[in-house]
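Asker: See final.cif below, with mmCIF, C-alpha atoms.
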```cif
data_entry
loop_
_atom_site.label_atom_id
_atom_site.label_comp_id
_atom_site.auth_asym_id
_atom_site.auth_seq_id
_atom_site.Cartn_x
_atom_site.Cartn_y
_atom_site.Cartn_z
CA SER A 1 117.16 99.71 105.16
CA PRO A 2 117.69 97.42 102.18
CA TYR A 3 114.76 95.53 100.68
CA HIS A 4 113.59 92.77 103.01
CA ASN A 5 110.48 90.89 104.07
CA PHE A 6 108.28 92.16 106.88
CA SER A 7 107.08 90.08 109.77
CA VAL A 8 103.36 90.80 110.18
CA ASP A 9 101.19 89.94 113.16
CA PRO A 10 98.06 88.03 112.03
CA ARG A 11 95.91 90.68 113.76
CA ASN A 12 97.41 93.51 111.71
CA SER A 13 94.74 96.09 110.84
CA ALA A 14 96.19 96.72 107.37
CA ILE A 15 95.27 93.11 106.56
CA HIS A 16 91.84 93.03 108.19
CA TYR A 17 90.56 96.57 107.60
CA ALA A 18 92.53 97.67 104.51
CA ILE A 19 94.30 100.49 106.33
CA SER A 20 96.90 100.89 103.63
CA LEU A 21 97.62 103.25 100.79
CA PHE A 22 100.24 103.79 98.15
CA GLU A 23 101.35 106.13 95.44
CA GLY A 24 102.88 105.26 92.12
CA LEU A 25 105.28 107.58 90.37
CA LYS A 26 108.11 107.23 87.92
CA ALA A 27 111.66 108.40 87.50
CA TYR A 28 113.13 108.80 84.03
CA ARG A 29 116.71 109.04 82.88
CA ASN A 30 118.22 111.43 80.37
CA ASN A 31 121.83 110.33 80.04
CA GLU A 32 123.24 110.83 83.55
CA SER A 33 120.35 112.93 84.89
CA VAL A 34 117.38 111.36 86.68
CA TYR A 35 113.99 113.09 86.78
CA LEU A 36 111.00 112.40 89.02
CA PHE A 37 107.63 113.05 87.41
CA ARG A 38 105.44 115.34 89.60
CA PRO A 39 106.37 113.93 93.04
CA ASP A 40 104.89 117.00 94.77
CA LEU A 41 101.41 116.14 93.49
CA ASN A 42 101.83 112.51 94.56
CA MET A 43 102.76 113.64 98.07
CA ILE A 44 99.69 115.90 98.28
CA ARG A 45 97.44 112.97 97.35
CA MET A 46 99.33 110.58 99.65
CA ARG A 47 98.90 112.89 102.65
CA LYS A 48 95.22 113.38 101.76
CA SER A 49 94.77 109.59 101.57
CA ALA A 50 96.56 109.13 104.91
CA LYS A 51 94.19 111.62 106.52
CA ARG A 52 91.20 109.69 105.16
CA LEU A 53 92.51 106.49 106.80
CA CYS A 54 93.45 108.26 110.07
CA LEU A 55 97.12 107.48 109.48
CA PRO A 56 99.47 110.14 110.87
CA ASP A 57 100.53 113.10 108.78
CA PHE A 58 104.08 113.14 107.44
CA ASP A 59 106.43 115.56 105.70
CA GLY A 60 105.92 114.96 101.96
CA GLU A 61 109.00 117.00 101.00
CA GLU A 62 111.14 114.84 103.30
CA LEU A 63 109.76 111.64 101.72
CA ILE A 64 110.60 113.03 98.26
CA LYS A 65 114.18 113.63 99.47
CA CYS A 66 114.35 110.02 100.69
CA MET A 67 113.11 108.75 97.31
CA GLU A 68 115.70 110.92 95.53
CA LYS A 69 118.47 109.37 97.68
CA LEU A 70 117.14 105.89 96.88
CA LEU A 71 117.19 106.74 93.17
CA ILE A 72 120.81 107.89 93.40
CA LEU A 73 121.72 104.50 94.90
CA GLU A 74 119.66 102.57 92.34
CA LYS A 75 120.01 104.77 89.22
CA ASP A 76 121.54 101.93 87.18
CA TRP A 77 118.09 100.28 87.16
CA ILE A 78 116.72 103.21 85.12
CA TYR A 79 117.29 102.29 81.48
CA ASN A 80 118.24 105.27 79.33
CA LYS A 81 115.79 104.23 76.63
CA ARG A 82 112.49 105.68 75.40
CA GLY A 83 109.50 104.26 77.29
CA TYR A 84 111.57 102.89 80.18
CA SER A 85 111.61 104.20 83.73
CA VAL A 86 111.72 103.15 87.35
CA TYR A 87 108.37 102.76 89.05
CA ILE A 88 108.45 104.07 92.62
CA ARG A 89 105.88 102.92 95.14
CA PRO A 90 105.85 104.76 98.46
CA THR A 91 103.47 102.83 100.71
CA PHE A 92 101.90 103.66 104.07
CA ILE A 93 100.35 100.93 106.19
CA SER A 94 98.90 100.51 109.64
CA THR A 95 101.09 98.42 111.91
CA THR A 96 98.47 98.33 114.65
CA ASP A 97 98.08 94.73 115.78
CA ARG A 98 94.59 94.19 117.13
CA LEU A 99 91.22 93.01 115.96
CA GLY A 100 88.58 95.69 116.23
CA VAL A 101 87.39 98.45 113.95
CA SER A 102 89.24 101.56 115.10
CA PRO A 103 91.77 104.07 113.75
CA PRO A 104 95.37 102.89 113.66
CA THR A 105 97.77 103.76 116.47
CA LYS A 106 101.00 102.72 114.71
CA ALA A 107 102.08 102.99 111.08
CA LYS A 108 104.98 102.44 108.69
CA ILE A 109 106.01 104.22 105.49
CA PHE A 110 108.27 102.38 103.09
CA THR A 111 109.25 102.74 99.45
CA ILE A 112 110.10 100.12 96.87
CA LEU A 113 111.01 100.55 93.24
CA SER A 114 111.22 98.47 90.10
CA PRO A 115 112.43 99.04 86.55
CA VAL A 116 109.57 99.09 84.04
CA GLY A 117 109.16 99.26 80.31
CA PRO A 118 106.27 100.62 78.27
CA TYR A 119 102.92 99.88 79.97
CA PHE A 120 101.27 98.65 76.77
CA THR A 121 103.67 96.75 74.54
CA THR A 122 101.47 96.78 71.47
CA VAL A 123 101.56 99.67 69.02
CA LYS A 124 98.08 98.96 67.74
CA PRO A 125 95.13 100.86 69.22
CA LEU A 126 93.91 99.70 72.61
CA SER A 127 90.64 97.88 72.94
CA LEU A 128 88.77 99.21 75.99
CA VAL A 129 85.47 98.22 77.51
CA CYS A 130 83.50 100.67 79.65
CA ASN A 131 82.29 99.50 83.03
CA ASP A 132 78.59 99.10 83.66
CA ASP A 133 76.61 99.80 86.83
CA SER A 134 77.37 96.34 88.24
CA TYR A 135 80.97 97.33 89.12
CA LEU A 136 81.96 100.82 90.23
CA ARG A 137 85.54 101.78 90.97
CA SER A 138 84.65 105.13 92.46
CA PHE A 139 81.48 107.00 93.25
CA PRO A 140 80.44 110.34 94.75
CA GLY A 141 81.08 110.24 98.49
CA GLY A 142 83.30 107.17 98.20
CA PHE A 143 87.07 107.05 98.21
CA GLY A 144 87.95 106.96 94.53
CA GLU A 145 89.83 110.25 94.85
CA TYR A 146 92.24 108.60 97.32
CA LYS A 147 94.98 106.12 96.42
CA LEU A 148 93.95 103.29 98.74
CA ALA A 149 94.82 99.62 98.41
CA ALA A 150 91.10 98.85 98.79
CA ASN A 151 90.33 100.64 95.49
CA TYR A 152 91.76 97.86 93.36
CA ALA A 153 90.93 94.37 94.61
CA PRO A 154 87.16 94.68 93.96
CA THR A 155 87.90 95.47 90.28
CA PHE A 156 89.92 92.34 89.51
CA GLN A 157 86.95 90.17 88.57
CA LYS A 158 85.71 92.73 86.04
CA TYR A 159 89.26 93.16 84.70
CA LYS A 160 89.59 89.39 84.25
CA GLU A 161 86.26 89.32 82.38
CA ALA A 162 87.44 92.15 80.10
CA ILE A 163 90.72 90.38 79.27
CA THR A 164 88.88 87.10 78.62
CA ALA A 165 86.55 88.97 76.24
CA GLY A 166 89.56 90.28 74.29
CA TYR A 167 89.90 93.81 75.70
CA ASN A 168 93.18 95.37 76.86
CA HIS A 169 91.70 97.22 79.81
CA ILE A 170 88.64 98.86 81.35
CA LEU A 171 87.67 102.51 81.06
CA TRP A 172 86.15 103.13 84.49
CA LEU A 173 83.29 105.62 84.47
CA VAL A 174 81.61 107.21 87.49
CA ASN A 175 78.31 105.43 88.08
CA GLY A 176 78.85 103.56 84.81
CA LYS A 177 78.05 106.72 82.80
#
```
Take the structure I supplied and represent it as structure tokens, if you would.

Answerer:
Amino acid sequence: SPYHNFSVDPRNSAIHYAISLFEGLKAYRNNESVYLFRPDLNMIRMRKSAKRLCLPDFDGEELIKCMEKLLILEKDWIYNKRGYSVYIRPTFISTTDRLGVSPPTKAKIFTILSPVGPYFTTVKPLSLVCNDDSYLRSFPGGFGEYKLAANYAPTFQKYKEAITAGYNHILWLVNGK
């Protein structure tokens, strides 16, 4: 269906228990041809992430075909210019509506996309700060190897501190080492 807002029950388990995941991949244009960058690897990781959250398995090849059809419809958004692409975000969320810590019983996969330019607009070297032990983005036994929505929100405070201190980004190290 075309892009539209969702109606979400306030008890939705994706909201309360972070039962949501996403992938991020890009499509590039070379004149009239459109190329997806390694969608097969994204689907492997997406299915692995879904398993970790007890979301149902899905056919990754079929989702790639759906994304390819979407790109055919929206190919004019892919600028035929160096550094430009379309960012594709397939997302998988629980649509189970109940309070209570338990695996989801309903789910939804959807995909959105957006034209993007170069990630870093400066041509000068990047200024990175390494994380310390006070903030860890991933750790052995955790879920850093999965692409879960919950991976990112806890890092925003450290990211804001890095930007305020004059850095472009954070180089996240395992256990701060």

Asker: Using only C-alpha atoms, determine which residues lie at most 12 Å from A:Val101, disregarding the query and same-chain residues fewer than 6 positions distant; provide the list as a ChimeraX atom specification.

Answerer: /A:11-14,16-19,53

Asker: Which of these residues is nearest to A:Ser7, using only C-alpha atoms: A:Glu61, A:Lys69, A:Ile163, A:Asp97?

Answerer: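 Selected residue with least distance to A:Ser7: A:Asp97.
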
Asker: Any chance you could resolve the PyMOL selection byres ((chain A and resi 109-113) around 8) against this file and give the residues as a PyMOL selection string?

Answerer: chain A and resi 3+67+86-93+107-108+114-115

Asker: What are the nearest atom pairs, with distances in Å to one decimal, for all residues of stretch 94-160 of chain A that come at most 9 Å from stretch 27-45 of chain A, using only C-alpha atoms, set out by chain and rising residue number as CSV?

Answerer:
```
residue,atom,partner,partner_atom,distance
A:Glu145,CA,A:Arg45,CA,8.5
A:Tyr146,CA,A:Arg45,CA,6.8
A:Lys147,CA,A:Arg45,CA,7.3
```

Asker: At what distance in Å, to one decimal, does atom CA of A:Gly117 lie from atom CA of A:Arg82?

Answerer: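 Here the two named atoms are 8.7 Å from each other.
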
Asker: Skipping near chain neighbours, those fewer than 3 positions away, what residues fall within 9 Å of A:Thr155 using all atoms listed in the file, listed as number ranges by chain?

Answerer: A: 135-137, 151-152, 158-160

Asker: Have a look at atom CA of A:Cys130 and atom CA of A:Leu21 and let me know their distance in Å, one decimal.

Answerer: 25.6 Å

Asker: How far is it from atom CA of A:Ala149 to atom CA of A:Pro103, in Å with one decimal?

Answerer: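 Computed distance, atom CA of A:Ala149 to atom CA of A:Pro103, equals 16.3 Å.
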
Asker: For A:Pro10, which of A:Thr164, A:Thr95, A:Tyr79, A:Cys66 is the closest residue, counting only C-alpha atoms?

Answerer: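 Between A:Thr164, A:Thr95, A:Tyr79, A:Cys66, the residue approaching A:Pro10 most closely is A:Thr95.
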